[in-house]
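Pasted below: my_file02.cif, mmCIF, C-alpha atoms.
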```
data_input
loop_
_atom_site.group_PDB
_atom_site.id
_atom_site.type_symbol
_atom_site.label_atom_id
_atom_site.label_comp_id
_atom_site.auth_asym_id
_atom_site.auth_seq_id
_atom_site.Cartn_x
_atom_site.Cartn_y
_atom_site.Cartn_z
ATOM 1 C CA MET A 1 -12.436 -3.899 12.565
ATOM 2 C CA ALA A 2 -9.016 -2.986 11.205
ATOM 3 C CA GLU A 3 -10.560 -0.302 8.975
ATOM 4 C CA ALA A 4 -12.185 1.290 12.030
ATOM 5 C CA VAL A 5 -8.897 1.323 13.906
ATOM 6 C CA LEU A 6 -7.242 2.935 10.878
ATOM 7 C CA ALA A 7 -9.683 5.844 11.033
ATOM 8 C CA GLY A 8 -7.722 9.025 11.464
ATOM 9 C CA TYR A 9 -4.443 7.403 10.374
ATOM 10 C CA ASP A 10 -2.965 8.489 7.059
ATOM 11 C CA PRO A 11 -0.937 5.587 5.594
ATOM 12 C CA VAL A 12 2.414 6.473 4.050
ATOM 13 C CA VAL A 13 1.474 4.606 0.850
ATOM 14 C CA SER A 14 -1.940 4.301 -0.776
ATOM 15 C CA SER A 15 -1.653 0.515 -1.153
ATOM 16 C CA ARG A 16 0.934 -2.249 -1.218
ATOM 17 C CA SER A 17 0.587 -2.420 -5.010
ATOM 18 C CA VAL A 18 2.489 0.866 -5.404
ATOM 19 C CA CYS A 19 5.461 -0.399 -3.351
ATOM 20 C CA ALA A 20 8.644 -1.798 -4.831
ATOM 21 C CA TYR A 21 8.374 -5.535 -4.175
ATOM 22 C CA THR A 22 10.349 -8.653 -5.008
ATOM 23 C CA SER A 23 9.351 -11.970 -3.458
ATOM 24 C CA CYS A 24 11.884 -13.309 -0.909
ATOM 25 C CA TYR A 25 13.789 -10.010 -0.728
ATOM 26 C CA CYS A 26 11.957 -8.569 2.276
ATOM 27 C CA GLU A 27 15.003 -6.663 3.537
ATOM 28 C CA GLU A 28 15.216 -4.745 0.255
ATOM 29 C CA ASN A 29 11.456 -4.269 0.007
ATOM 30 C CA ILE A 30 11.472 -2.538 3.391
ATOM 31 C CA TRP A 31 14.590 -0.517 2.490
ATOM 32 C CA LYS A 32 12.782 0.716 -0.625
ATOM 33 C CA LEU A 33 9.698 1.554 1.442
ATOM 34 C CA CYS A 34 11.875 3.564 3.847
ATOM 35 C CA GLU A 35 13.396 5.361 0.858
ATOM 36 C CA HIS A 36 9.906 6.188 -0.410
ATOM 37 C CA ILE A 37 8.837 7.526 2.989
ATOM 38 C CA ARG A 38 11.896 9.745 3.186
ATOM 39 C CA SER A 39 11.361 11.126 -0.324
ATOM 40 C CA LYS A 40 7.653 11.743 0.215
ATOM 41 C CA ASN A 41 8.378 13.610 3.471
ATOM 42 C CA GLN A 42 4.825 13.045 4.705
ATOM 43 C CA CYS A 43 5.952 11.787 8.117
ATOM 44 C CA PRO A 44 9.258 12.180 9.946
ATOM 45 C CA ILE A 45 11.486 9.279 8.913
ATOM 46 C CA GLU A 46 12.531 9.003 12.577
ATOM 47 C CA GLU A 47 9.059 7.596 13.360
ATOM 48 C CA PHE A 48 9.818 4.385 11.437
ATOM 49 C CA TYR A 49 11.842 1.281 12.278
ATOM 50 C CA ALA A 50 12.974 -1.614 10.129
ATOM 51 C CA VAL A 51 12.196 -4.709 12.204
ATOM 52 C CA PHE A 52 14.240 -7.848 11.527
ATOM 53 C CA ILE A 53 12.598 -10.984 12.946
ATOM 54 C CA SER A 54 14.763 -14.036 13.593
ATOM 55 C CA ASN A 55 16.385 -16.067 16.379
ATOM 56 C CA ASP A 56 19.570 -17.992 17.078
ATOM 57 C CA LYS A 57 18.253 -20.984 15.096
ATOM 58 C CA LYS A 58 17.214 -18.767 12.173
ATOM 59 C CA LYS A 59 13.841 -20.514 12.205
ATOM 60 C CA VAL A 60 10.902 -18.300 13.071
ATOM 61 C CA PRO A 61 7.217 -19.131 12.578
ATOM 62 C CA LEU A 62 4.932 -16.402 11.247
ATOM 63 C CA TRP A 63 1.242 -16.705 10.493
ATOM 64 C CA LYS A 64 -0.915 -14.857 7.940
ATOM 65 C CA GLN A 65 1.822 -14.843 5.316
ATOM 66 C CA GLN A 66 1.029 -14.978 1.593
ATOM 67 C CA ALA A 67 3.388 -17.954 1.313
ATOM 68 C CA GLY A 68 1.419 -19.874 3.938
ATOM 69 C CA TYR A 69 -1.265 -22.524 3.601
ATOM 70 C CA GLY A 70 -4.445 -22.139 5.594
ATOM 71 C CA ASP A 71 -3.774 -21.770 9.310
ATOM 72 C CA GLN A 72 -0.228 -23.110 9.076
ATOM 73 C CA PRO A 73 2.681 -20.757 9.796
ATOM 74 C CA VAL A 74 5.534 -20.090 7.416
ATOM 75 C CA ILE A 75 8.967 -20.861 8.886
ATOM 76 C CA TRP A 76 11.338 -18.099 7.781
ATOM 77 C CA ASP A 77 15.049 -17.875 8.524
ATOM 78 C CA TYR A 78 14.293 -14.183 8.958
ATOM 79 C CA HIS A 79 11.644 -11.685 7.949
ATOM 80 C CA VAL A 80 11.611 -7.897 7.787
ATOM 81 C CA ILE A 81 8.684 -5.557 8.422
ATOM 82 C CA LEU A 82 8.314 -1.819 9.022
ATOM 83 C CA LEU A 83 7.065 -0.357 12.291
ATOM 84 C CA HIS A 84 5.520 3.123 12.387
ATOM 85 C CA VAL A 85 5.418 4.824 15.775
ATOM 86 C CA PRO A 86 3.422 8.026 15.166
ATOM 87 C CA ASN A 87 2.405 10.525 17.794
ATOM 88 C CA GLY A 88 -0.762 8.762 18.840
ATOM 89 C CA ASP A 89 -2.218 5.821 20.733
ATOM 90 C CA GLN A 90 -1.784 3.318 17.906
ATOM 91 C CA ASN A 91 1.326 1.981 16.190
ATOM 92 C CA PHE A 92 1.246 0.298 12.787
ATOM 93 C CA ILE A 93 3.024 -2.487 10.910
ATOM 94 C CA TYR A 94 3.750 -2.508 7.185
ATOM 95 C CA ASP A 95 4.398 -6.074 5.970
ATOM 96 C CA LEU A 96 4.468 -6.574 2.203
ATOM 97 C CA ASP A 97 4.179 -10.364 2.597
ATOM 98 C CA THR A 98 1.155 -10.603 4.865
ATOM 99 C CA VAL A 99 -2.501 -11.236 4.046
ATOM 100 C CA LEU A 100 -3.418 -8.876 6.893
ATOM 101 C CA PRO A 101 -4.336 -5.239 6.204
ATOM 102 C CA PHE A 102 -1.608 -2.934 4.909
ATOM 103 C CA PRO A 103 -0.812 -1.135 7.106
ATOM 104 C CA CYS A 104 -1.979 -3.223 10.053
ATOM 105 C CA PRO A 105 -2.603 -1.984 13.601
ATOM 106 C CA PHE A 106 0.217 -3.212 15.813
ATOM 107 C CA GLY A 107 -2.004 -5.210 18.166
ATOM 108 C CA THR A 108 -3.802 -6.950 15.318
ATOM 109 C CA TYR A 109 -0.538 -7.894 13.634
ATOM 110 C CA ILE A 110 0.950 -9.266 16.854
ATOM 111 C CA GLU A 111 -2.140 -11.311 17.608
ATOM 112 C CA GLU A 112 -2.614 -12.693 14.090
ATOM 113 C CA ALA A 113 0.913 -12.991 12.685
ATOM 114 C CA PHE A 114 3.072 -13.606 15.761
ATOM 115 C CA LYS A 115 0.485 -15.183 18.051
ATOM 116 C CA SER A 116 2.039 -16.019 21.433
ATOM 117 C CA ASP A 117 5.468 -17.325 22.403
ATOM 118 C CA SER A 118 3.691 -19.574 24.898
ATOM 119 C CA ILE A 119 2.542 -21.911 22.085
ATOM 120 C CA ILE A 120 6.012 -22.150 20.504
ATOM 121 C CA ASN A 121 8.919 -24.421 21.354
ATOM 122 C CA PRO A 122 11.420 -22.214 23.251
ATOM 123 C CA GLU A 123 14.175 -22.670 20.662
ATOM 124 C CA PHE A 124 11.933 -21.187 17.962
ATOM 125 C CA ARG A 125 10.737 -18.149 19.912
ATOM 126 C CA ARG A 126 11.104 -14.911 18.031
ATOM 127 C CA LYS A 127 13.426 -11.977 18.619
ATOM 128 C CA VAL A 128 13.497 -8.672 16.788
ATOM 129 C CA ARG A 129 16.178 -6.187 15.853
ATOM 130 C CA LEU A 130 14.883 -2.647 15.479
ATOM 131 C CA VAL A 131 16.842 -0.223 13.327
ATOM 132 C CA ARG A 132 15.544 3.302 12.889
ATOM 133 C CA ALA A 133 14.661 3.858 9.234
ATOM 134 C CA ASP A 134 17.084 6.729 8.664
ATOM 135 C CA MET A 135 19.929 4.582 10.039
ATOM 136 C CA TYR A 136 18.778 1.629 7.917
ATOM 137 C CA LEU A 137 18.962 3.736 4.768
ATOM 138 C CA LYS A 138 22.489 4.848 5.641
ATOM 139 C CA THR A 139 23.980 1.516 6.713
ATOM 140 C CA PHE A 140 22.309 -1.456 4.990
ATOM 141 C CA ALA A 141 24.060 -3.182 2.090
ATOM 142 C CA SER A 142 23.427 -6.432 0.230
ATOM 143 C CA ASP A 143 25.147 -7.987 -2.777
ATOM 144 C CA ARG A 144 22.373 -10.652 -2.813
ATOM 145 C CA SER A 145 24.930 -13.459 -2.586
ATOM 146 C CA HIS A 146 22.741 -15.190 0.022
ATOM 147 C CA MET A 147 20.210 -15.813 -2.738
ATOM 148 C CA LYS A 148 22.576 -17.831 -4.932
ATOM 149 C CA ASP A 149 23.334 -21.545 -4.805
ATOM 150 C CA ASN A 150 26.803 -23.095 -4.853
ATOM 151 C CA ARG A 151 26.952 -22.763 -8.634
ATOM 152 C CA GLY A 152 26.052 -19.086 -8.592
ATOM 153 C CA ASN A 153 22.498 -19.605 -9.803
ATOM 154 C CA TRP A 154 19.703 -17.512 -8.337
ATOM 155 C CA LEU A 155 17.478 -19.302 -5.829
ATOM 156 C CA LYS A 156 14.901 -16.555 -6.419
ATOM 157 C CA SER A 157 15.002 -13.926 -9.146
ATOM 158 C CA PRO A 158 16.526 -10.684 -7.800
ATOM 159 C CA PRO A 159 15.100 -7.162 -8.009
ATOM 160 C CA LEU A 160 15.754 -5.353 -11.292
ATOM 161 C CA TYR A 161 17.314 -2.303 -9.650
ATOM 162 C CA PRO A 162 21.037 -2.302 -8.653
ATOM 163 C CA CYS A 163 22.217 -3.864 -5.402
ATOM 164 C CA ILE A 164 21.977 -1.626 -2.342
ATOM 165 C CA GLU A 165 25.390 -0.650 -1.020
ATOM 166 C CA THR A 166 27.125 1.998 1.046
ATOM 167 C CA SER A 167 30.465 3.747 0.555
ATOM 168 C CA ASP A 168 31.988 1.340 3.083
ATOM 169 C CA CYS A 169 30.162 -1.931 2.514
ATOM 170 C CA LYS A 170 28.558 -4.081 -0.181
ATOM 171 C CA MET A 171 27.249 -6.846 2.093
ATOM 172 C CA ASN A 172 26.299 -6.642 5.761
ATOM 173 C CA LEU A 173 22.938 -8.417 5.811
ATOM 174 C CA ASP A 174 24.110 -10.918 8.433
ATOM 175 C CA ASP A 175 24.721 -8.067 10.885
ATOM 176 C CA PHE A 176 21.037 -7.155 10.649
ATOM 177 C CA ILE A 177 19.725 -10.727 10.806
ATOM 178 C CA SER A 178 21.892 -11.522 13.837
ATOM 179 C CA MET A 179 20.051 -11.417 17.144
ATOM 180 C CA ASN A 180 23.293 -10.876 19.059
ATOM 181 C CA PRO A 181 22.774 -7.490 20.761
ATOM 182 C CA GLU A 182 26.530 -6.901 20.702
ATOM 183 C CA GLU A 183 26.550 -6.869 16.880
ATOM 184 C CA GLY A 184 25.075 -4.702 14.184
ATOM 185 C CA TRP A 185 22.870 -1.636 14.344
ATOM 186 C CA GLY A 186 19.806 -0.789 16.395
ATOM 187 C CA PHE A 187 18.743 -2.880 19.373
ATOM 188 C CA VAL A 188 17.492 -6.421 19.967
ATOM 189 C CA LEU A 189 14.390 -7.386 21.940
ATOM 190 C CA LYS A 190 12.671 -10.655 22.779
ATOM 191 C CA LEU A 191 9.165 -10.766 21.326
ATOM 192 C CA PRO A 192 7.333 -10.159 24.648
ATOM 193 C CA ASP A 193 9.523 -7.106 25.291
ATOM 194 C CA PHE A 194 8.809 -5.826 21.779
ATOM 195 C CA VAL A 195 5.074 -6.213 22.423
ATOM 196 C CA GLN A 196 5.315 -4.478 25.781
ATOM 197 C CA GLU A 197 7.308 -1.596 24.284
ATOM 198 C CA PHE A 198 5.047 -0.822 21.350
ATOM 199 C CA GLY A 199 1.623 -2.220 22.199
ATOM 200 C CA SER A 200 -0.415 -3.792 24.960
ATOM 201 C CA PRO A 201 -2.299 -6.814 23.602
ATOM 202 C CA GLU A 202 -3.062 -9.655 25.979
ATOM 203 C CA LEU A 203 -0.576 -12.214 24.660
#
```

Let me see the structure of the file written as structure tokens.
Amino acid sequence: MAEAVLAGYDPVVSSRSVCAYTSCYCEENIWKLCEHIRSKNQCPIEEFYAVFISNDKKKVPLWKQQAGYGDQPVIWDYHVILLHVPNGDQNFIYDLDTVLPFPCPFGTYIEEAFKSDSIINPEFRRKVRLVRADMYLKTFASDRSHMKDNRGNWLKSPPLYPCIETSDCKMNLDDFISMNPEEGWGFVLKLPDFVQEFGSPEL
């Protein structure tokens, strides 16, 4: 079904295997994908959004993740995916950690990975922060300190390339993870509003 929906859509990468990827560094994986899209110049970079998924508890359930087991969701403190809003009837999600197609039609991803807020305890309901890809490339910075324990040891091995930083900042990840609309870049939406804005599945 997903392949049929993808008919006529030209993905920005041939497969997820060609993408820069480091497990548990989703924010950098998506930054690198945005960088690739900009360099390839196949589609306007303004059509893409980095989508940070979290909530005030920093506990968000997502299904169909490679780290999951069977039908059980993975509980992330945050996750980052890429949204493509082309000039057409269908939007697409690029998630390097999902078992769903890559890219995945927006409606399919919402239905399979997010499911419905109605089945989730209110305190764990998801919010998203959308940051246009060109802005993400200009503003995001991480020194990866969040991936070290109290002794300075890595919790998960970092990417081999240098840390991403800007001329003004070396670490602002928390500003992107925050679901406070008064902070950070882009704009924050509750999950149902995100679904209504970019797709129309019956959720």

Exercise for the section: Quick one: everything within 10 Å of A:Ala113, counting all atoms listed in the file, minus sequence neighbours fewer than 2 positions away in the same chain. Send it as a list of chain:residue names. Expected result: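 Within the cut-off, the hits are A:Pro61, A:Leu62, A:Trp63, A:Lys64, A:Gln65, A:Pro73, A:Val74, A:Thr98, A:Val99, A:Leu100, A:Gly107, A:Thr108, A:Tyr109, A:Ile110, A:Glu111, A:Lys115, A:Ser116.
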
Exercise for the section: Between A:Phe176, A:Trp185, A:Lys32, A:Cys169, single out the one closest to A:Cys19, counting all atoms listed in the file. Expected result: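 Looking only at the distances to A:Cys19, the closest residue turns out to be A:Lys32.
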
Fill in the blank from the handout: From the list A:Lys57, A:Lys127, A:Ala20, A:Leu173, the nearest residue to A:Leu189 using only C-alpha atoms is A:Lys127

Practice task
Rank A:Phe48, A:Phe106, A:Tyr25, A:Phe114 by their smallest atom-to-atom distance to A:Asp89, using only C-alpha atoms, and report the top residue only.
Solution key: A:Phe106

Practice task
Check the smallest atom-to-atom distance from each of A:Asp117, A:Asp168, A:Asp10, A:Asp77 to A:Ile53 using all atoms listed in the file, then report the winner.
Solution key: A:Asp77

Problem - Residues selected by the PyMOL selection byres ((chain A and resi 46) around 10), written as a PyMOL selection string - result: chain A and resi 38+43-45+47-49+84-86+132-135

Produce stretch 19-35 of chain A of the given structure as output with all heavy atoms, as a PDB file, in the first residue's frame.
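Final file, result_14.pdb:
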```pdb
ATOM      1  N   CYS A  19      22.126   7.285   4.344  1.00  0.00           N
ATOM      2  CA  CYS A  19      22.072   8.432   5.252  1.00  0.00           C
ATOM      3  C   CYS A  19      23.104   8.298   6.363  1.00  0.00           C
ATOM      4  O   CYS A  19      23.420   7.189   6.812  1.00  0.00           O
ATOM      5  CB  CYS A  19      20.680   8.536   5.891  1.00  0.00           C
ATOM      6  SG  CYS A  19      19.340   8.833   4.727  1.00  0.00           S
ATOM      7  N   ALA A  20      23.623   9.425   6.804  1.00  0.00           N
ATOM      8  CA  ALA A  20      24.460   9.438   8.003  1.00  0.00           C
ATOM      9  C   ALA A  20      23.578   9.043   9.185  1.00  0.00           C
ATOM     10  O   ALA A  20      22.509   9.618   9.384  1.00  0.00           O
ATOM     11  CB  ALA A  20      25.053  10.829   8.214  1.00  0.00           C
ATOM     12  N   TYR A  21      24.015   8.052   9.954  1.00  0.00           N
ATOM     13  CA  TYR A  21      23.171   7.554  11.045  1.00  0.00           C
ATOM     14  C   TYR A  21      24.025   7.072  12.209  1.00  0.00           C
ATOM     15  O   TYR A  21      24.980   6.323  12.037  1.00  0.00           O
ATOM     16  CB  TYR A  21      22.300   6.390  10.561  1.00  0.00           C
ATOM     17  CG  TYR A  21      21.459   5.797  11.667  1.00  0.00           C
ATOM     18  CD1 TYR A  21      20.269   6.409  12.060  1.00  0.00           C
ATOM     19  CD2 TYR A  21      21.863   4.646  12.339  1.00  0.00           C
ATOM     20  CE1 TYR A  21      19.489   5.883  13.094  1.00  0.00           C
ATOM     21  CE2 TYR A  21      21.094   4.111  13.370  1.00  0.00           C
ATOM     22  CZ  TYR A  21      19.918   4.742  13.741  1.00  0.00           C
ATOM     23  OH  TYR A  21      19.166   4.230  14.762  1.00  0.00           O
ATOM     24  N   THR A  22      23.650   7.536  13.399  1.00  0.00           N
ATOM     25  CA  THR A  22      24.221   7.035  14.643  1.00  0.00           C
ATOM     26  C   THR A  22      23.074   6.774  15.605  1.00  0.00           C
ATOM     27  O   THR A  22      22.266   7.665  15.864  1.00  0.00           O
ATOM     28  CB  THR A  22      25.194   8.050  15.266  1.00  0.00           C
ATOM     29  OG1 THR A  22      26.177   8.432  14.292  1.00  0.00           O
ATOM     30  CG2 THR A  22      25.893   7.451  16.476  1.00  0.00           C
ATOM     31  N   SER A  23      22.985   5.564  16.120  1.00  0.00           N
ATOM     32  CA  SER A  23      21.900   5.207  17.024  1.00  0.00           C
ATOM     33  C   SER A  23      21.858   6.142  18.230  1.00  0.00           C
ATOM     34  O   SER A  23      22.910   6.459  18.823  1.00  0.00           O
ATOM     35  CB  SER A  23      22.083   3.754  17.489  1.00  0.00           C
ATOM     36  OG  SER A  23      21.080   3.395  18.417  1.00  0.00           O
ATOM     37  N   CYS A  24      20.660   6.595  18.582  1.00  0.00           N
ATOM     38  CA  CYS A  24      20.398   7.452  19.747  1.00  0.00           C
ATOM     39  C   CYS A  24      20.840   8.904  19.563  1.00  0.00           C
ATOM     40  O   CYS A  24      20.847   9.677  20.516  1.00  0.00           O
ATOM     41  CB  CYS A  24      21.012   6.879  21.022  1.00  0.00           C
ATOM     42  SG  CYS A  24      20.318   5.264  21.483  1.00  0.00           S
ATOM     43  N   TYR A  25      21.184   9.267  18.338  1.00  0.00           N
ATOM     44  CA  TYR A  25      21.515  10.668  18.030  1.00  0.00           C
ATOM     45  C   TYR A  25      20.581  11.166  16.921  1.00  0.00           C
ATOM     46  O   TYR A  25      21.033  11.690  15.904  1.00  0.00           O
ATOM     47  CB  TYR A  25      22.978  10.801  17.614  1.00  0.00           C
ATOM     48  CG  TYR A  25      23.956  10.609  18.747  1.00  0.00           C
ATOM     49  CD1 TYR A  25      24.345   9.327  19.139  1.00  0.00           C
ATOM     50  CD2 TYR A  25      24.471  11.695  19.456  1.00  0.00           C
ATOM     51  CE1 TYR A  25      25.234   9.129  20.200  1.00  0.00           C
ATOM     52  CE2 TYR A  25      25.360  11.508  20.509  1.00  0.00           C
ATOM     53  CZ  TYR A  25      25.734  10.222  20.875  1.00  0.00           C
ATOM     54  OH  TYR A  25      26.610  10.042  21.923  1.00  0.00           O
ATOM     55  N   CYS A  26      19.279  11.011  17.154  1.00  0.00           N
ATOM     56  CA  CYS A  26      18.297  11.324  16.114  1.00  0.00           C
ATOM     57  C   CYS A  26      18.346  12.783  15.677  1.00  0.00           C
ATOM     58  O   CYS A  26      18.145  13.098  14.502  1.00  0.00           O
ATOM     59  CB  CYS A  26      16.883  10.954  16.566  1.00  0.00           C
ATOM     60  SG  CYS A  26      16.368  11.699  18.130  1.00  0.00           S
ATOM     61  N   GLU A  27      18.634  13.691  16.625  1.00  0.00           N
ATOM     62  CA  GLU A  27      18.674  15.110  16.278  1.00  0.00           C
ATOM     63  C   GLU A  27      19.793  15.405  15.284  1.00  0.00           C
ATOM     64  O   GLU A  27      19.633  16.218  14.361  1.00  0.00           O
ATOM     65  CB  GLU A  27      18.826  15.977  17.540  1.00  0.00           C
ATOM     66  CG  GLU A  27      20.121  15.835  18.303  1.00  0.00           C
ATOM     67  CD  GLU A  27      20.208  14.601  19.188  1.00  0.00           C
ATOM     68  OE1 GLU A  27      19.204  13.870  19.316  1.00  0.00           O
ATOM     69  OE2 GLU A  27      21.298  14.386  19.758  1.00  0.00           O
ATOM     70  N   GLU A  28      20.926  14.709  15.424  1.00  0.00           N
ATOM     71  CA  GLU A  28      22.026  14.898  14.484  1.00  0.00           C
ATOM     72  C   GLU A  28      21.783  14.160  13.180  1.00  0.00           C
ATOM     73  O   GLU A  28      22.155  14.636  12.099  1.00  0.00           O
ATOM     74  CB  GLU A  28      23.341  14.446  15.122  1.00  0.00           C
ATOM     75  CG  GLU A  28      23.759  15.297  16.312  1.00  0.00           C
ATOM     76  CD  GLU A  28      25.232  15.115  16.676  1.00  0.00           C
ATOM     77  OE1 GLU A  28      26.049  14.902  15.756  1.00  0.00           O
ATOM     78  OE2 GLU A  28      25.549  15.196  17.876  1.00  0.00           O
ATOM     79  N   ASN A  29      21.161  12.982  13.254  1.00  0.00           N
ATOM     80  CA  ASN A  29      20.824  12.255  12.035  1.00  0.00           C
ATOM     81  C   ASN A  29      19.945  13.101  11.121  1.00  0.00           C
ATOM     82  O   ASN A  29      20.155  13.151   9.902  1.00  0.00           O
ATOM     83  CB  ASN A  29      20.109  10.947  12.375  1.00  0.00           C
ATOM     84  CG  ASN A  29      20.985   9.984  13.166  1.00  0.00           C
ATOM     85  OD1 ASN A  29      22.213  10.019  13.062  1.00  0.00           O
ATOM     86  ND2 ASN A  29      20.353   9.124  13.951  1.00  0.00           N
ATOM     87  N   ILE A  30      18.956  13.766  11.707  1.00  0.00           N
ATOM     88  CA  ILE A  30      18.046  14.593  10.907  1.00  0.00           C
ATOM     89  C   ILE A  30      18.761  15.854  10.430  1.00  0.00           C
ATOM     90  O   ILE A  30      18.543  16.315   9.300  1.00  0.00           O
ATOM     91  CB  ILE A  30      16.773  14.933  11.712  1.00  0.00           C
ATOM     92  CG1 ILE A  30      15.959  13.661  11.976  1.00  0.00           C
ATOM     93  CG2 ILE A  30      15.923  15.976  10.980  1.00  0.00           C
ATOM     94  CD1 ILE A  30      15.516  12.906  10.728  1.00  0.00           C
ATOM     95  N   TRP A  31      19.641  16.422  11.251  1.00  0.00           N
ATOM     96  CA  TRP A  31      20.423  17.586  10.814  1.00  0.00           C
ATOM     97  C   TRP A  31      21.262  17.218   9.595  1.00  0.00           C
ATOM     98  O   TRP A  31      21.330  17.972   8.613  1.00  0.00           O
ATOM     99  CB  TRP A  31      21.321  18.056  11.959  1.00  0.00           C
ATOM    100  CG  TRP A  31      21.940  19.415  11.745  1.00  0.00           C
ATOM    101  CD1 TRP A  31      21.482  20.613  12.195  1.00  0.00           C
ATOM    102  CD2 TRP A  31      23.168  19.703  11.036  1.00  0.00           C
ATOM    103  NE1 TRP A  31      22.330  21.637  11.818  1.00  0.00           N
ATOM    104  CE2 TRP A  31      23.365  21.099  11.097  1.00  0.00           C
ATOM    105  CE3 TRP A  31      24.102  18.915  10.348  1.00  0.00           C
ATOM    106  CZ2 TRP A  31      24.474  21.724  10.498  1.00  0.00           C
ATOM    107  CZ3 TRP A  31      25.193  19.533   9.753  1.00  0.00           C
ATOM    108  CH2 TRP A  31      25.365  20.926   9.834  1.00  0.00           C
ATOM    109  N   LYS A  32      21.886  16.044   9.632  1.00  0.00           N
ATOM    110  CA  LYS A  32      22.709  15.586   8.519  1.00  0.00           C
ATOM    111  C   LYS A  32      21.856  15.328   7.271  1.00  0.00           C
ATOM    112  O   LYS A  32      22.293  15.578   6.141  1.00  0.00           O
ATOM    113  CB  LYS A  32      23.469  14.315   8.907  1.00  0.00           C
ATOM    114  CG  LYS A  32      24.692  14.566   9.775  1.00  0.00           C
ATOM    115  CD  LYS A  32      25.763  15.290   8.972  1.00  0.00           C
ATOM    116  CE  LYS A  32      27.085  15.370   9.691  1.00  0.00           C
ATOM    117  NZ  LYS A  32      28.124  16.080   8.886  1.00  0.00           N
ATOM    118  N   LEU A  33      20.636  14.824   7.475  1.00  0.00           N
ATOM    119  CA  LEU A  33      19.743  14.605   6.345  1.00  0.00           C
ATOM    120  C   LEU A  33      19.343  15.947   5.725  1.00  0.00           C
ATOM    121  O   LEU A  33      19.298  16.084   4.495  1.00  0.00           O
ATOM    122  CB  LEU A  33      18.509  13.820   6.798  1.00  0.00           C
ATOM    123  CG  LEU A  33      17.472  13.477   5.726  1.00  0.00           C
ATOM    124  CD1 LEU A  33      18.110  12.780   4.533  1.00  0.00           C
ATOM    125  CD2 LEU A  33      16.354  12.614   6.322  1.00  0.00           C
ATOM    126  N   CYS A  34      19.066  16.938   6.563  1.00  0.00           N
ATOM    127  CA  CYS A  34      18.756  18.281   6.060  1.00  0.00           C
ATOM    128  C   CYS A  34      19.942  18.842   5.276  1.00  0.00           C
ATOM    129  O   CYS A  34      19.767  19.456   4.209  1.00  0.00           O
ATOM    130  CB  CYS A  34      18.423  19.221   7.216  1.00  0.00           C
ATOM    131  SG  CYS A  34      16.866  18.877   8.056  1.00  0.00           S
ATOM    132  N   GLU A  35      21.138  18.628   5.775  1.00  0.00           N
ATOM    133  CA  GLU A  35      22.346  19.097   5.100  1.00  0.00           C
ATOM    134  C   GLU A  35      22.474  18.441   3.730  1.00  0.00           C
ATOM    135  O   GLU A  35      22.820  19.100   2.727  1.00  0.00           O
ATOM    136  CB  GLU A  35      23.568  18.773   5.963  1.00  0.00           C
ATOM    137  CG  GLU A  35      24.881  19.292   5.418  1.00  0.00           C
ATOM    138  CD  GLU A  35      26.053  18.913   6.304  1.00  0.00           C
ATOM    139  OE1 GLU A  35      26.207  17.704   6.617  1.00  0.00           O
ATOM    140  OE2 GLU A  35      26.805  19.820   6.689  1.00  0.00           O
TER     141      GLU A  35
END
```
